[in-house]
$ cat target_2.cif   # mmCIF, C-alpha atoms
data_model
#
loop_
_atom_site.label_atom_id
_atom_site.label_comp_id
_atom_site.auth_asym_id
_atom_site.auth_seq_id
_atom_site.Cartn_x
_atom_site.Cartn_y
_atom_site.Cartn_z
CA MET A 863 4.45 11.37 -23.53
CA ILE A 864 1.13 10.17 -24.85
CA VAL A 865 -1.33 9.21 -22.12
CA LYS A 866 -3.93 6.80 -23.45
CA GLU A 867 -7.59 7.30 -22.71
CA TRP A 868 -7.67 4.21 -20.45
CA CYS A 869 -5.15 5.63 -17.94
CA MET A 870 -6.59 5.29 -14.42
CA TYR A 871 -4.32 7.86 -12.73
CA CYS A 872 -3.03 5.34 -10.20
CA GLY A 873 0.28 7.20 -9.94
CA GLU A 874 2.61 4.20 -10.18
CA CYS A 875 4.51 5.97 -12.99
CA ALA A 876 5.04 9.01 -10.75
CA GLY A 877 6.40 6.82 -7.96
CA VAL A 878 9.03 5.14 -10.14
CA CYS A 879 10.03 8.26 -12.12
CA PRO A 880 13.62 8.79 -10.93
CA ARG A 881 13.37 12.53 -11.60
CA CYS A 882 9.96 13.20 -10.00
CA LEU A 883 8.58 14.70 -13.23
CA ILE A 884 5.02 13.36 -13.23
CA GLU A 885 2.14 15.15 -11.52
CA VAL A 886 -0.90 12.96 -11.04
CA ARG A 887 -4.18 14.78 -10.79
CA GLU A 888 -7.54 13.18 -10.17
CA ILE A 889 -8.19 12.69 -13.88
CA SER A 890 -5.08 13.87 -15.71
CA LEU A 891 -1.33 13.37 -15.78
CA ILE A 892 1.08 16.22 -16.31
CA PHE A 893 4.60 15.40 -17.52
CA ASN A 894 7.45 17.82 -17.10
CA GLU A 895 8.90 16.82 -20.48
CA GLU A 896 11.82 19.22 -20.23
CA GLY A 897 13.60 17.25 -17.51
CA CYS A 898 12.84 13.83 -19.11
CA LYS A 899 15.84 11.70 -20.11
CA ASP A 900 13.72 9.04 -21.89
CA CYS A 901 14.61 6.28 -19.42
CA GLY A 902 11.27 4.60 -20.18
CA ILE A 903 10.72 3.38 -16.61
CA CYS A 904 7.25 4.97 -16.44
CA VAL A 905 6.21 3.31 -19.71
CA SER A 906 7.23 -0.20 -18.65
CA SER A 907 5.81 0.09 -15.12
CA CYS A 908 2.26 1.03 -16.17
CA PRO A 909 -0.09 -1.80 -15.11
CA VAL A 910 -2.38 -1.18 -18.09
CA ASN A 911 0.06 -0.07 -20.84
CA ALA A 912 -1.43 3.41 -20.96
CA LEU A 913 1.80 5.33 -21.66
CA THR A 914 3.68 5.59 -24.96
CA LYS A 915 6.56 7.80 -25.96
CA GLU A 916 5.95 10.37 -28.65
CA GLU A 917 7.71 9.47 -31.91
CA MET B 808 -2.31 35.10 -3.10
CA LYS B 809 -4.26 33.69 -0.15
CA LEU B 810 -2.00 32.21 2.53
CA ILE B 811 -3.31 29.87 5.23
CA GLU B 812 -1.11 29.12 8.24
CA THR B 813 -1.14 25.89 10.22
CA ASP B 814 1.05 23.81 12.52
CA VAL B 815 0.84 20.56 10.60
CA LEU B 816 -0.15 20.01 6.96
CA VAL B 817 -0.84 16.40 5.99
CA ILE B 818 -0.87 15.73 2.24
CA GLY B 819 -2.98 12.70 1.32
CA ALA B 820 -6.02 11.39 3.20
CA GLY B 821 -5.50 7.64 3.00
CA PRO B 822 -5.22 5.65 6.23
CA ALA B 823 -1.69 6.98 6.91
CA GLY B 824 -2.59 10.64 6.41
CA SER B 825 -5.88 10.48 8.30
CA SER B 826 -4.25 8.68 11.21
CA THR B 827 -1.44 11.25 11.33
CA ALA B 828 -3.93 14.13 11.21
CA LYS B 829 -6.10 12.55 13.90
CA HIS B 830 -3.27 11.95 16.35
CA ALA B 831 -1.62 15.31 15.74
CA ALA B 832 -4.95 17.05 16.35
CA LEU B 833 -5.75 14.95 19.43
CA ASN B 834 -2.43 16.06 20.87
CA GLY B 835 -3.16 19.73 20.43
CA ALA B 836 -1.74 20.70 17.01
CA ASN B 837 -3.58 22.74 14.38
CA VAL B 838 -3.90 20.37 11.45
CA ILE B 839 -4.94 20.59 7.80
CA LEU B 840 -5.51 17.33 5.90
CA LEU B 841 -5.51 17.64 2.09
CA ASP B 842 -6.62 15.20 -0.56
CA LYS B 843 -6.53 15.79 -4.29
CA LYS B 844 -9.51 13.56 -4.97
CA SER B 845 -13.19 14.45 -4.94
CA GLU B 846 -13.96 11.42 -2.80
CA ILE B 847 -11.66 10.19 -0.04
CA GLY B 848 -11.10 6.45 -0.41
CA ALA B 849 -12.20 6.17 -4.04
CA PRO B 850 -11.09 4.58 -6.23
CA LYS B 851 -9.59 1.92 -4.00
CA ARG B 852 -6.09 0.68 -4.86
CA CYS B 853 -6.12 -2.26 -2.55
CA ALA B 854 -7.25 -5.84 -1.89
CA GLU B 855 -8.82 -4.61 1.37
CA GLY B 856 -7.55 -7.22 3.85
CA VAL B 857 -6.61 -6.25 7.43
CA SER B 858 -5.89 -8.25 10.58
CA LYS B 859 -8.34 -8.03 13.47
CA GLU B 860 -5.45 -7.83 15.91
CA GLY B 861 -4.01 -4.84 14.08
CA LEU B 862 -7.25 -2.86 14.33
CA LYS B 863 -7.66 -3.84 17.98
CA LYS B 864 -4.13 -2.72 18.84
CA LEU B 865 -4.94 0.69 17.35
CA GLY B 866 -8.22 0.94 19.23
CA ILE B 867 -10.30 1.03 16.03
CA LYS B 868 -13.66 -0.69 16.57
CA PRO B 869 -14.90 -2.63 13.56
CA SER B 870 -18.08 -1.16 12.04
CA CYS B 871 -20.64 -3.04 9.97
CA ARG B 872 -20.44 -0.07 7.57
CA TRP B 873 -16.92 -0.95 6.47
CA VAL B 874 -16.35 -4.62 7.32
CA THR B 875 -17.67 -6.71 4.44
CA LYS B 876 -16.42 -10.08 5.60
CA GLU B 877 -14.89 -11.76 8.62
CA LEU B 878 -12.42 -14.44 7.56
CA SER B 879 -11.80 -17.78 9.16
CA GLY B 880 -9.05 -19.31 7.10
CA VAL B 881 -6.44 -19.26 4.38
CA ARG B 882 -5.94 -21.38 1.27
CA LEU B 883 -2.52 -21.39 -0.41
CA VAL B 884 -2.43 -22.71 -3.97
CA SER B 885 0.70 -23.79 -5.86
CA PRO B 886 1.05 -23.61 -9.66
CA ASN B 887 -0.18 -27.19 -10.27
CA GLY B 888 -3.20 -26.62 -8.02
CA THR B 889 -1.87 -28.33 -4.88
CA ASP B 890 -3.60 -26.50 -2.07
CA VAL B 891 -2.91 -26.05 1.60
CA TRP B 892 -5.85 -25.16 3.83
CA MET B 893 -5.49 -23.49 7.20
CA LYS B 894 -8.75 -22.90 9.01
CA GLU B 895 -9.35 -21.24 12.34
CA ASP B 896 -11.29 -24.18 13.79
CA ILE B 897 -8.16 -26.33 13.45
CA VAL B 898 -5.20 -23.94 13.69
CA LYS B 899 -4.66 -20.62 15.40
CA LEU B 900 -4.55 -17.76 12.91
CA PRO B 901 -3.34 -14.67 14.77
CA GLU B 902 -3.36 -12.63 11.57
CA ALA B 903 -6.90 -13.64 10.57
CA GLY B 904 -8.88 -10.63 9.65
CA TYR B 905 -11.53 -8.74 7.83
CA ILE B 906 -12.07 -7.67 4.27
CA LEU B 907 -12.95 -4.00 4.30
CA GLU B 908 -14.90 -1.67 2.05
CA ARG B 909 -12.03 0.79 1.63
CA LYS B 910 -14.18 3.51 0.10
CA VAL B 911 -16.14 3.62 3.36
CA PHE B 912 -13.25 2.82 5.70
CA ASP B 913 -10.97 5.59 4.40
CA LYS B 914 -13.75 8.14 4.77
CA PHE B 915 -14.38 6.93 8.32
CA MET B 916 -10.71 7.43 9.16
CA ALA B 917 -10.80 10.96 7.70
CA MET B 918 -13.98 11.67 9.68
CA ASP B 919 -12.16 10.56 12.83
CA ALA B 920 -9.43 13.07 12.01
CA ALA B 921 -12.05 15.79 11.51
CA ARG B 922 -13.73 14.94 14.82
CA ALA B 923 -10.34 15.19 16.50
CA GLY B 924 -10.12 18.76 15.19
CA ALA B 925 -8.33 18.51 11.84
CA THR B 926 -9.51 20.67 8.91
CA ILE B 927 -10.15 18.57 5.80
CA MET B 928 -9.76 19.97 2.29
CA ILE B 929 -10.86 17.69 -0.55
CA LYS B 930 -10.23 18.15 -4.28
CA THR B 931 -7.11 20.09 -3.30
CA LEU B 932 -3.80 19.36 -5.00
CA ALA B 933 -0.38 20.16 -3.53
CA ARG B 934 1.77 21.26 -6.49
CA GLY B 935 5.12 21.96 -4.87
CA MET B 936 6.70 23.54 -1.85
CA ARG B 937 9.46 25.89 -0.81
CA LYS B 938 11.30 26.47 2.43
CA ASP B 939 10.50 29.66 4.32
CA PHE B 940 12.76 29.92 7.39
CA ASP B 941 11.44 27.40 9.91
CA SER B 942 8.46 26.27 7.83
CA TYR B 943 7.38 25.19 4.36
CA ILE B 944 5.06 27.05 2.03
CA VAL B 945 3.07 24.58 -0.06
CA SER B 946 1.46 25.73 -3.34
CA CYS B 947 -2.06 24.36 -3.61
CA GLU B 948 -4.83 24.35 -6.15
CA SER B 949 -8.48 23.63 -5.53
CA MET B 950 -11.32 23.93 -8.03
CA GLY B 951 -9.44 26.47 -10.11
CA GLU B 952 -8.21 28.55 -7.17
CA ASP B 953 -4.51 28.85 -6.36
CA PHE B 954 -3.46 29.44 -2.76
CA GLU B 955 -0.65 28.65 -0.34
CA ILE B 956 -0.43 26.89 2.98
CA LYS B 957 2.39 27.71 5.39
CA ALA B 958 3.06 24.82 7.74
CA ARG B 959 5.64 24.24 10.45
CA ILE B 960 5.61 20.54 9.66
CA VAL B 961 4.56 19.02 6.32
CA VAL B 962 3.65 15.32 6.34
CA GLY B 963 3.87 13.49 3.01
CA ALA B 964 1.18 10.79 3.01
CA ASP B 965 0.85 10.90 -0.76
CA GLY B 966 1.08 7.17 -1.42
CA PRO B 967 3.33 5.37 -3.91
CA GLU B 968 3.74 8.61 -5.90
CA SER B 969 5.72 9.90 -2.92
CA ARG B 970 6.49 13.32 -4.39
CA VAL B 971 6.16 15.36 -1.20
CA GLY B 972 9.10 13.59 0.44
CA ARG B 973 11.21 14.26 -2.65
CA TRP B 974 10.28 17.95 -2.58
CA GLY B 975 11.67 17.93 0.95
CA GLY B 976 14.90 16.21 -0.10
CA LEU B 977 14.04 12.67 1.06
CA LYS B 978 14.84 9.70 -1.17
CA THR B 979 11.41 8.22 -1.70
CA ALA B 980 11.57 7.36 -5.41
CA VAL B 981 10.77 3.66 -5.75
CA LYS B 982 13.07 1.49 -7.87
CA PRO B 983 11.17 -0.43 -10.58
CA LYS B 984 12.26 -3.75 -9.05
CA ASP B 985 10.71 -2.68 -5.72
CA MET B 986 7.39 -1.52 -7.14
CA GLU B 987 4.71 -4.14 -7.31
CA SER B 988 2.13 -3.39 -10.02
CA GLY B 989 -1.17 -4.32 -8.45
CA ILE B 990 -4.30 -4.96 -10.46
CA GLN B 991 -7.66 -6.30 -9.40
CA PHE B 992 -11.22 -6.91 -10.47
CA GLU B 993 -14.00 -6.78 -7.94
CA MET B 994 -16.10 -9.66 -9.26
CA ILE B 995 -19.56 -11.13 -8.93
CA GLY B 996 -20.32 -14.80 -9.44
CA VAL B 997 -17.11 -16.01 -7.80
CA GLU B 998 -17.35 -19.70 -6.87
CA MET B 999 -14.95 -20.34 -4.00
CA ASP B 1000 -14.49 -23.70 -2.27
CA ASP B 1001 -14.92 -21.86 1.03
CA PRO B 1002 -16.04 -18.22 0.84
CA ASP B 1003 -14.86 -17.63 4.42
CA CYS B 1004 -11.22 -18.17 3.43
CA ILE B 1005 -8.81 -15.91 1.57
CA GLU B 1006 -6.87 -17.54 -1.25
CA PHE B 1007 -3.32 -16.95 -2.45
CA TYR B 1008 -1.91 -18.31 -5.74
CA PHE B 1009 1.84 -18.50 -6.26
CA GLY B 1010 4.21 -18.95 -9.18
CA SER B 1011 4.31 -17.77 -12.78
CA VAL B 1012 0.68 -16.55 -12.56
CA ALA B 1013 2.20 -13.44 -10.95
CA PRO B 1014 5.98 -13.00 -11.47
CA GLY B 1015 7.49 -11.25 -8.46
CA GLY B 1016 4.25 -11.35 -6.51
CA TYR B 1017 1.18 -13.52 -6.11
CA ALA B 1018 -2.49 -13.64 -7.08
CA TRP B 1019 -5.32 -13.42 -4.56
CA ILE B 1020 -9.02 -13.94 -4.10
CA PHE B 1021 -10.39 -12.02 -1.12
CA PRO B 1022 -14.08 -12.77 -0.48
CA LYS B 1023 -16.41 -9.85 0.29
CA GLY B 1024 -19.57 -11.77 1.17
CA ASP B 1025 -22.06 -13.72 -0.97
CA ASP B 1026 -20.47 -14.39 -4.38
CA ILE B 1027 -18.46 -11.14 -4.39
CA ALA B 1028 -14.66 -11.09 -4.21
CA ASN B 1029 -11.60 -9.01 -4.97
CA VAL B 1030 -9.64 -11.01 -7.54
CA GLY B 1031 -6.23 -9.58 -8.27
CA LEU B 1032 -2.52 -9.97 -8.52
CA GLY B 1033 0.72 -8.11 -8.13
CA ILE B 1034 3.66 -8.40 -10.49
CA VAL B 1035 7.05 -6.73 -10.71
CA SER B 1036 7.40 -5.18 -14.17
CA THR B 1037 11.11 -6.04 -14.37
CA GLN B 1038 10.26 -9.75 -14.05
CA THR B 1039 7.77 -10.08 -16.91
CA ASP B 1040 7.17 -8.80 -20.44
CA LYS B 1041 3.41 -8.76 -20.02
CA SER B 1042 1.43 -5.98 -18.36
CA ALA B 1043 -0.28 -6.60 -15.03
CA TYR B 1044 -3.61 -6.42 -16.87
CA GLU B 1045 -2.64 -9.23 -19.26
CA HIS B 1046 -1.62 -11.40 -16.30
CA LEU B 1047 -4.95 -10.69 -14.58
CA LEU B 1048 -7.04 -11.62 -17.64
CA LYS B 1049 -5.14 -14.90 -17.93
CA PHE B 1050 -5.53 -15.68 -14.23
CA VAL B 1051 -9.27 -14.98 -14.23
CA ALA B 1052 -9.79 -17.10 -17.35
CA ASN B 1053 -7.88 -20.08 -15.90
CA CYS B 1054 -8.88 -20.06 -12.23
CA PRO B 1055 -11.82 -22.43 -11.50
CA ALA B 1056 -13.28 -19.99 -8.96
CA THR B 1057 -13.59 -17.15 -11.48
CA LYS B 1058 -14.52 -18.92 -14.73
CA ASN B 1059 -18.15 -17.80 -14.38
CA ALA B 1060 -17.40 -14.52 -12.61
CA GLN B 1061 -17.79 -11.02 -14.03
CA PRO B 1062 -15.99 -7.83 -13.08
CA VAL B 1063 -17.91 -4.86 -11.68
CA GLU B 1064 -14.82 -2.78 -10.93
CA LEU B 1065 -11.18 -2.56 -12.06
CA ASN B 1066 -8.55 -1.31 -9.62
CA ILE B 1067 -4.89 -0.65 -10.25
CA GLY B 1068 -1.98 0.82 -8.36
CA GLY B 1069 1.64 0.56 -7.35
CA ASP B 1070 2.67 -1.07 -4.09
CA PRO B 1071 6.17 -0.21 -2.81
CA VAL B 1072 7.57 -3.52 -1.55
CA GLY B 1073 11.24 -2.61 -1.14
CA GLY B 1074 11.03 -2.15 2.63
CA MET B 1075 10.85 1.00 4.71
CA VAL B 1076 12.49 4.13 3.32
CA LYS B 1077 15.67 4.76 5.35
CA THR B 1078 15.18 8.44 6.15
CA LEU B 1079 11.61 9.40 7.07
CA VAL B 1080 12.23 12.91 8.35
CA SER B 1081 14.16 16.05 7.68
CA ASP B 1082 13.75 19.62 8.95
CA ASN B 1083 9.99 20.43 8.91
CA ILE B 1084 9.04 17.29 7.00
CA MET B 1085 7.92 13.71 7.70
CA ILE B 1086 6.70 10.91 5.43
CA VAL B 1087 4.26 8.14 6.31
CA GLY B 1088 2.41 5.19 4.80
CA ASP B 1089 3.08 3.94 1.24
CA ALA B 1090 5.20 7.06 0.65
CA ALA B 1091 7.51 5.85 3.42
CA GLY B 1092 7.51 2.18 2.35
CA HIS B 1093 5.29 1.15 5.26
CA VAL B 1094 4.26 -1.98 3.38
CA ASN B 1095 5.15 -5.55 4.35
CA PRO B 1096 7.46 -6.53 1.46
CA LEU B 1097 6.30 -10.16 1.49
CA THR B 1098 2.53 -9.71 1.68
CA GLY B 1099 2.23 -6.23 0.17
CA GLY B 1100 -0.14 -5.37 3.03
CA GLY B 1101 0.08 -1.87 4.43
CA ILE B 1102 -3.22 -0.64 5.93
CA ILE B 1103 -2.42 -1.46 9.55
CA THR B 1104 1.20 -0.30 9.33
CA ALA B 1105 0.04 2.94 7.70
CA LEU B 1106 -2.42 3.59 10.53
CA GLU B 1107 0.19 2.65 13.11
CA ALA B 1108 2.91 4.82 11.58
CA GLY B 1109 0.38 7.66 11.29
CA LYS B 1110 -0.25 7.44 15.01
CA TYR B 1111 3.47 7.73 15.77
CA ALA B 1112 3.89 10.55 13.23
CA GLY B 1113 0.94 12.52 14.62
CA GLU B 1114 2.10 12.16 18.21
CA VAL B 1115 5.68 13.20 17.45
CA ALA B 1116 4.55 16.09 15.23
CA ALA B 1117 2.24 17.42 17.96
CA ALA B 1118 4.99 17.13 20.58
CA ALA B 1119 7.42 18.94 18.30
CA ILE B 1120 4.87 21.74 17.78
CA LYS B 1121 4.43 22.13 21.56
CA GLU B 1122 8.20 22.36 21.98
CA GLY B 1123 8.63 24.72 19.03
CA ASP B 1124 11.32 22.48 17.56
CA TYR B 1125 10.57 21.14 14.05
CA SER B 1126 14.11 20.13 13.19
CA GLY B 1127 14.93 16.79 11.59
CA GLU B 1128 16.74 15.93 14.80
CA ARG B 1129 13.54 16.39 16.85
CA LEU B 1130 11.34 14.59 14.32
CA LYS B 1131 13.77 11.67 14.17
CA GLU B 1132 12.01 10.24 17.22
CA TYR B 1133 9.28 9.20 14.78
CA GLN B 1134 11.78 7.51 12.48
CA ASP B 1135 13.33 5.61 15.40
CA ILE B 1136 9.92 4.34 16.56
CA CYS B 1137 9.02 3.28 13.00
CA LYS B 1138 12.30 1.44 12.58
CA GLU B 1139 11.81 -0.49 15.80
CA GLU B 1140 8.09 -1.21 15.44
CA ILE B 1141 7.83 -1.65 11.65
CA GLY B 1142 11.04 -1.39 9.61
CA ASP B 1143 13.19 -3.98 11.33
CA SER B 1144 10.65 -6.78 10.84
CA PHE B 1145 10.37 -5.83 7.15
CA GLU B 1146 14.04 -6.69 6.55
CA LYS B 1147 13.49 -10.42 6.95
CA TYR B 1148 10.27 -10.35 4.92
CA LEU B 1149 12.16 -8.60 2.14
CA LYS B 1150 14.71 -11.42 2.08
CA THR B 1151 11.89 -13.97 2.08
CA LYS B 1152 10.23 -12.23 -0.86
CA ASP B 1153 13.50 -12.28 -2.82
CA TYR B 1154 13.83 -15.99 -2.05
CA MET B 1155 10.22 -16.70 -3.09
CA SER B 1156 10.81 -14.86 -6.38
CA SER B 1157 13.74 -17.17 -7.13
CA LEU B 1158 11.59 -20.32 -6.96
CA THR B 1159 10.33 -22.10 -10.05
CA ASP B 1160 6.79 -23.42 -10.37
CA ALA B 1161 8.15 -26.94 -9.74
CA ASP B 1162 9.87 -25.77 -6.52
CA LEU B 1163 6.62 -24.25 -5.32
CA ASP B 1164 4.66 -27.42 -6.13
CA SER B 1165 7.03 -29.55 -4.06
CA ILE B 1166 6.91 -27.08 -1.16
CA ALA B 1167 3.11 -27.10 -1.29
CA LYS B 1168 3.13 -30.89 -1.20
CA ALA B 1169 5.36 -30.87 1.89
CA PHE B 1170 3.13 -28.24 3.55
CA LYS B 1171 0.06 -30.36 2.83
CA ASP B 1172 1.50 -33.24 4.83
CA THR B 1173 2.30 -31.02 7.81
CA GLU B 1174 0.02 -30.46 10.75
CA PHE B 1175 -0.19 -26.82 11.76
CA GLU B 1176 -0.93 -25.48 15.21
CA ASN B 1177 -0.35 -21.78 14.87
CA VAL B 1178 -0.12 -20.00 11.54
CA SER B 1179 1.15 -16.49 10.92
CA THR B 1180 3.32 -15.08 8.16
CA SER B 1181 6.49 -15.71 10.20
CA GLU B 1182 5.36 -19.23 11.21
CA LEU B 1183 4.78 -20.04 7.54
CA VAL B 1184 8.29 -18.91 6.66
CA LYS B 1185 9.66 -21.06 9.50
CA LEU B 1186 7.83 -24.03 8.03
CA LEU B 1187 9.16 -23.17 4.58
CA ILE B 1188 12.67 -23.35 6.03
CA LYS B 1189 11.86 -26.78 7.49
CA VAL B 1190 10.70 -28.28 4.20
CA SER B 1191 13.13 -26.59 1.81
CA PRO B 1192 16.91 -26.94 2.20
CA LYS B 1193 17.37 -23.97 -0.14
CA ALA B 1194 15.21 -21.82 2.13
CA LEU B 1195 17.19 -22.97 5.15
CA LEU B 1196 20.35 -21.76 3.49
CA LYS B 1197 18.96 -18.35 2.64
CA LEU B 1198 16.59 -17.63 5.51
CA GLY B 1199 17.60 -20.00 8.32
CA LYS B 1200 19.30 -17.35 10.41
CA LEU B 1201 16.51 -14.81 10.11
CA PHE B 1202 13.52 -16.68 11.51
#
$ encode --input "target_2.cif" --output "structure tokens"
Amino acid sequence: MIVKEWCMYCGECAGVCPRCLIEVREISLIFNEEGCKDCGICVSSCPVNALTKEE
Amino acid sequence: MKLIETDVLVIGAGPAGSSTAKHAALNGANVILLDKKSEIGAPKRCAEGVSKEGLKKLGIKPSCRWVTKELSGVRLVSPNGTDVWMKEDIVKLPEAGYILERKVFDKFMAMDAARAGATIMIKTLARGMRKDFDSYIVSCESMGEDFEIKARIVVGADGPESRVGRWGGLKTAVKPKDMESGIQFEMIGVEMDDPDCIEFYFGSVAPGGYAWIFPKGDDIANVGLGIVSTQTDKSAYEHLLKFVANCPATKNAQPVELNIGGDPVGGMVKTLVSDNIMIVGDAAGHVNPLTGGGIITALEAGKYAGEVAAAAIKEGDYSGERLKEYQDICKEEIGDSFEKYLKTKDYMSSLTDADLDSIAKAFKDTEFENVSTSELVKLLIKVSPKALLKLGKLF
């Protein structure tokens, strides 16, 4: 996952991740990419479009 | 590795966590209250409205340090601009309230917890936990140091992220259709018709939610909206920019702060406890599904959670069965009322802009005596046959 510079670490993505793979720190996000099934829910829920999938 | 032992560990120092910590400590438990941030309460993820009654019921005295504005009315605005005014001098508004300064308020609540005897740890992140007989061991990290906290009861007050509950086996993941994406500017230069009234805007300005202007004194206001991402192709931010550009009150206003955050509006989570674990606040769905408001319910649920946790500690029984007392109280005092608001929200989401305009017109011609969220829904049922069909039995 690519986290854009304008991410505000609100944690909405972590709340909707069905597999609980996102750790939200005060000023960083850590994705557990290994367990990710590419459902894309985190990407579409972001209020400021700060997440994009790696190509 | 360093291991700290405690009776109750509360993860997250928002209103829910601080209230839990305070009431657990007041009732004799050893309590640690963690927050991952360097400043409790900042950044805010909230429109900052609370009811006066709610604070009073909890025995929290308003302070001039965190009340920015006392409100005296409500203005509801439909898509074509038809507005319905309800002011305290004409109608009774039992839910009338204050606009807070959350950055100050949240810190005050944490200070209350500290005064009650809780130990506060800021800039401390809980990274995971494992069961250890009749307790949990939580892995923590603070300023580069790793350590562990062993707690008989862990309370997840970690907001919409709600990871702690999931570590403990509770189903707190929020479905995308139940997560409201909130976004807000705090603005200067806001020109409201009446800066003592809060304003709500309905319809396609905010699919799945509504837009709001909450005055904070002088020409300052929180201007924001909540959308459900499954009901729109645009981001919450794009909706906000459009709203601010088109709303007469904000055409000359400028933002001084941007706030974002998820608001779980799917109703209360069914299971709030398991052995050695409880969840509270946004993490537990303690948010009114219709209004998205959750400060008072978080404080209230925190009180129940703290009291039950402390009692369980005294008895030496931290089983899910013992802690279920908290869940039962929450269901009765909070969860049951949310069911009907959830149905009302679903109904509201099904309305077109034209439906909303005609409802607003009917409301405008009605004389109100007493206005609360439930009274408004009752009136909605009166003026809309479709609402009667869907909601008639509930209110």
$ closest_atom_pairs --input "target_2.cif" --of "chain A" --to "chain B" --cutoff "10 Å" --atoms "only C-alpha atoms" --output "Markdown table"
| residue | atom | partner | partner_atom | distance |
| --- | --- | --- | --- | --- |
| A:Cys869 | CA | B:Ile1067 | CA | 9.9 |
| A:Met870 | CA | B:Ile1067 | CA | 7.5 |
| A:Tyr871 | CA | B:Gly1068 | CA | 8.6 |
| A:Cys872 | CA | B:Gly1068 | CA | 5.0 |
| A:Gly873 | CA | B:Glu968 | CA | 5.5 |
| A:Glu874 | CA | B:Gly1069 | CA | 4.7 |
| A:Cys875 | CA | B:Glu968 | CA | 7.6 |
| A:Ala876 | CA | B:Glu968 | CA | 5.0 |
| A:Gly877 | CA | B:Glu968 | CA | 3.8 |
| A:Val878 | CA | B:Val981 | CA | 4.9 |
| A:Cys879 | CA | B:Ala980 | CA | 6.9 |
| A:Pro880 | CA | B:Ala980 | CA | 6.1 |
| A:Arg881 | CA | B:Ala980 | CA | 8.3 |
| A:Cys882 | CA | B:Arg970 | CA | 6.6 |
| A:Leu883 | CA | B:Arg970 | CA | 9.2 |
| A:Ile884 | CA | B:Glu968 | CA | 8.8 |
| A:Glu885 | CA | B:Arg934 | CA | 7.9 |
| A:Val886 | CA | B:Glu968 | CA | 8.2 |
| A:Arg887 | CA | B:Lys843 | CA | 7.0 |
| A:Glu888 | CA | B:Lys844 | CA | 5.6 |
| A:Ile889 | CA | B:Lys844 | CA | 9.0 |
| A:Ile903 | CA | B:Pro983 | CA | 7.1 |
| A:Cys904 | CA | B:Pro983 | CA | 8.9 |
| A:Ser906 | CA | B:Ser1036 | CA | 6.7 |
| A:Ser907 | CA | B:Ser1036 | CA | 5.6 |
| A:Cys908 | CA | B:Ser1042 | CA | 7.4 |
| A:Pro909 | CA | B:Ala1043 | CA | 4.8 |
| A:Val910 | CA | B:Tyr1044 | CA | 5.5 |
| A:Asn911 | CA | B:Ser1042 | CA | 6.6 |
$ atom_distance --input "target_2.cif" --atom1 "atom CA of Ser1126 of chain B" --atom2 "atom CA of Ala828 of chain B"
19.1 Å
$ resolve_selection --input "target_2.cif" --expression "the PyMOL selection byres ((chain B and resi 957) around 8)" --output "count of residues only"
12
$ residues_near_point --input "target_2.cif" --point "(-7.4, -11.9, 5.4)" --cutoff "8 Å" --atoms "only C-alpha atoms" --output "PyMOL selection string"
chain B and resi 856-858+878+880-881+902-906+1004-1005+1021
$ resolve_selection --input "target_2.cif" --expression "the PyMOL selection byres ((chain B and resi 1150) around 9)" --output "list in words"
Pro1096, Leu1097, Phe1145, Glu1146, Lys1147, Tyr1148, Leu1149, Thr1151, Lys1152, Asp1153, Tyr1154, Met1155, Lys1197, Leu1198 and Leu1201 of chain B
$ closest_residue --input "target_2.cif" --among "B:Pro886, B:Gly1101, B:Gly1199, B:Gly1031" --to "Met1075 of chain B" --atoms "all atoms listed in the file"
B:Gly1101
$ atom_distance --input "target_2.cif" --atom1 "atom CA of Gly824 of chain B" --atom2 "atom CA of Lys1110 of chain B"
9.5 Å
$ atom_distance --input "target_2.cif" --atom1 "atom CA of Ala920 of chain B" --atom2 "atom CA of His830 of chain B"
7.6 Å
$ residues_near_point --input "target_2.cif" --point "(-6.1, -20.9, 1.5)" --cutoff "10 Å" --atoms "only C-alpha atoms" --output "PyMOL selection string"
chain B and resi 880-884+890-894+1000-1001+1003-1008+1019-1020
$ closest_residue --input "target_2.cif" --among "B:Ile1086, B:Met916, B:Ala1194, B:Ile1141" --to "Lys868 of chain B" --atoms "only C-alpha atoms"
B:Met916
$ axis_aligned_box --input "target_2.cif" --around "segment 869-876 of chain A" --padding-each-side "8 Å" --output "JSON"
{"center_x": -0.8, "center_y": 6.6, "center_z": -13.9, "size_x": 27.6, "size_y": 20.8, "size_z": 24.0}
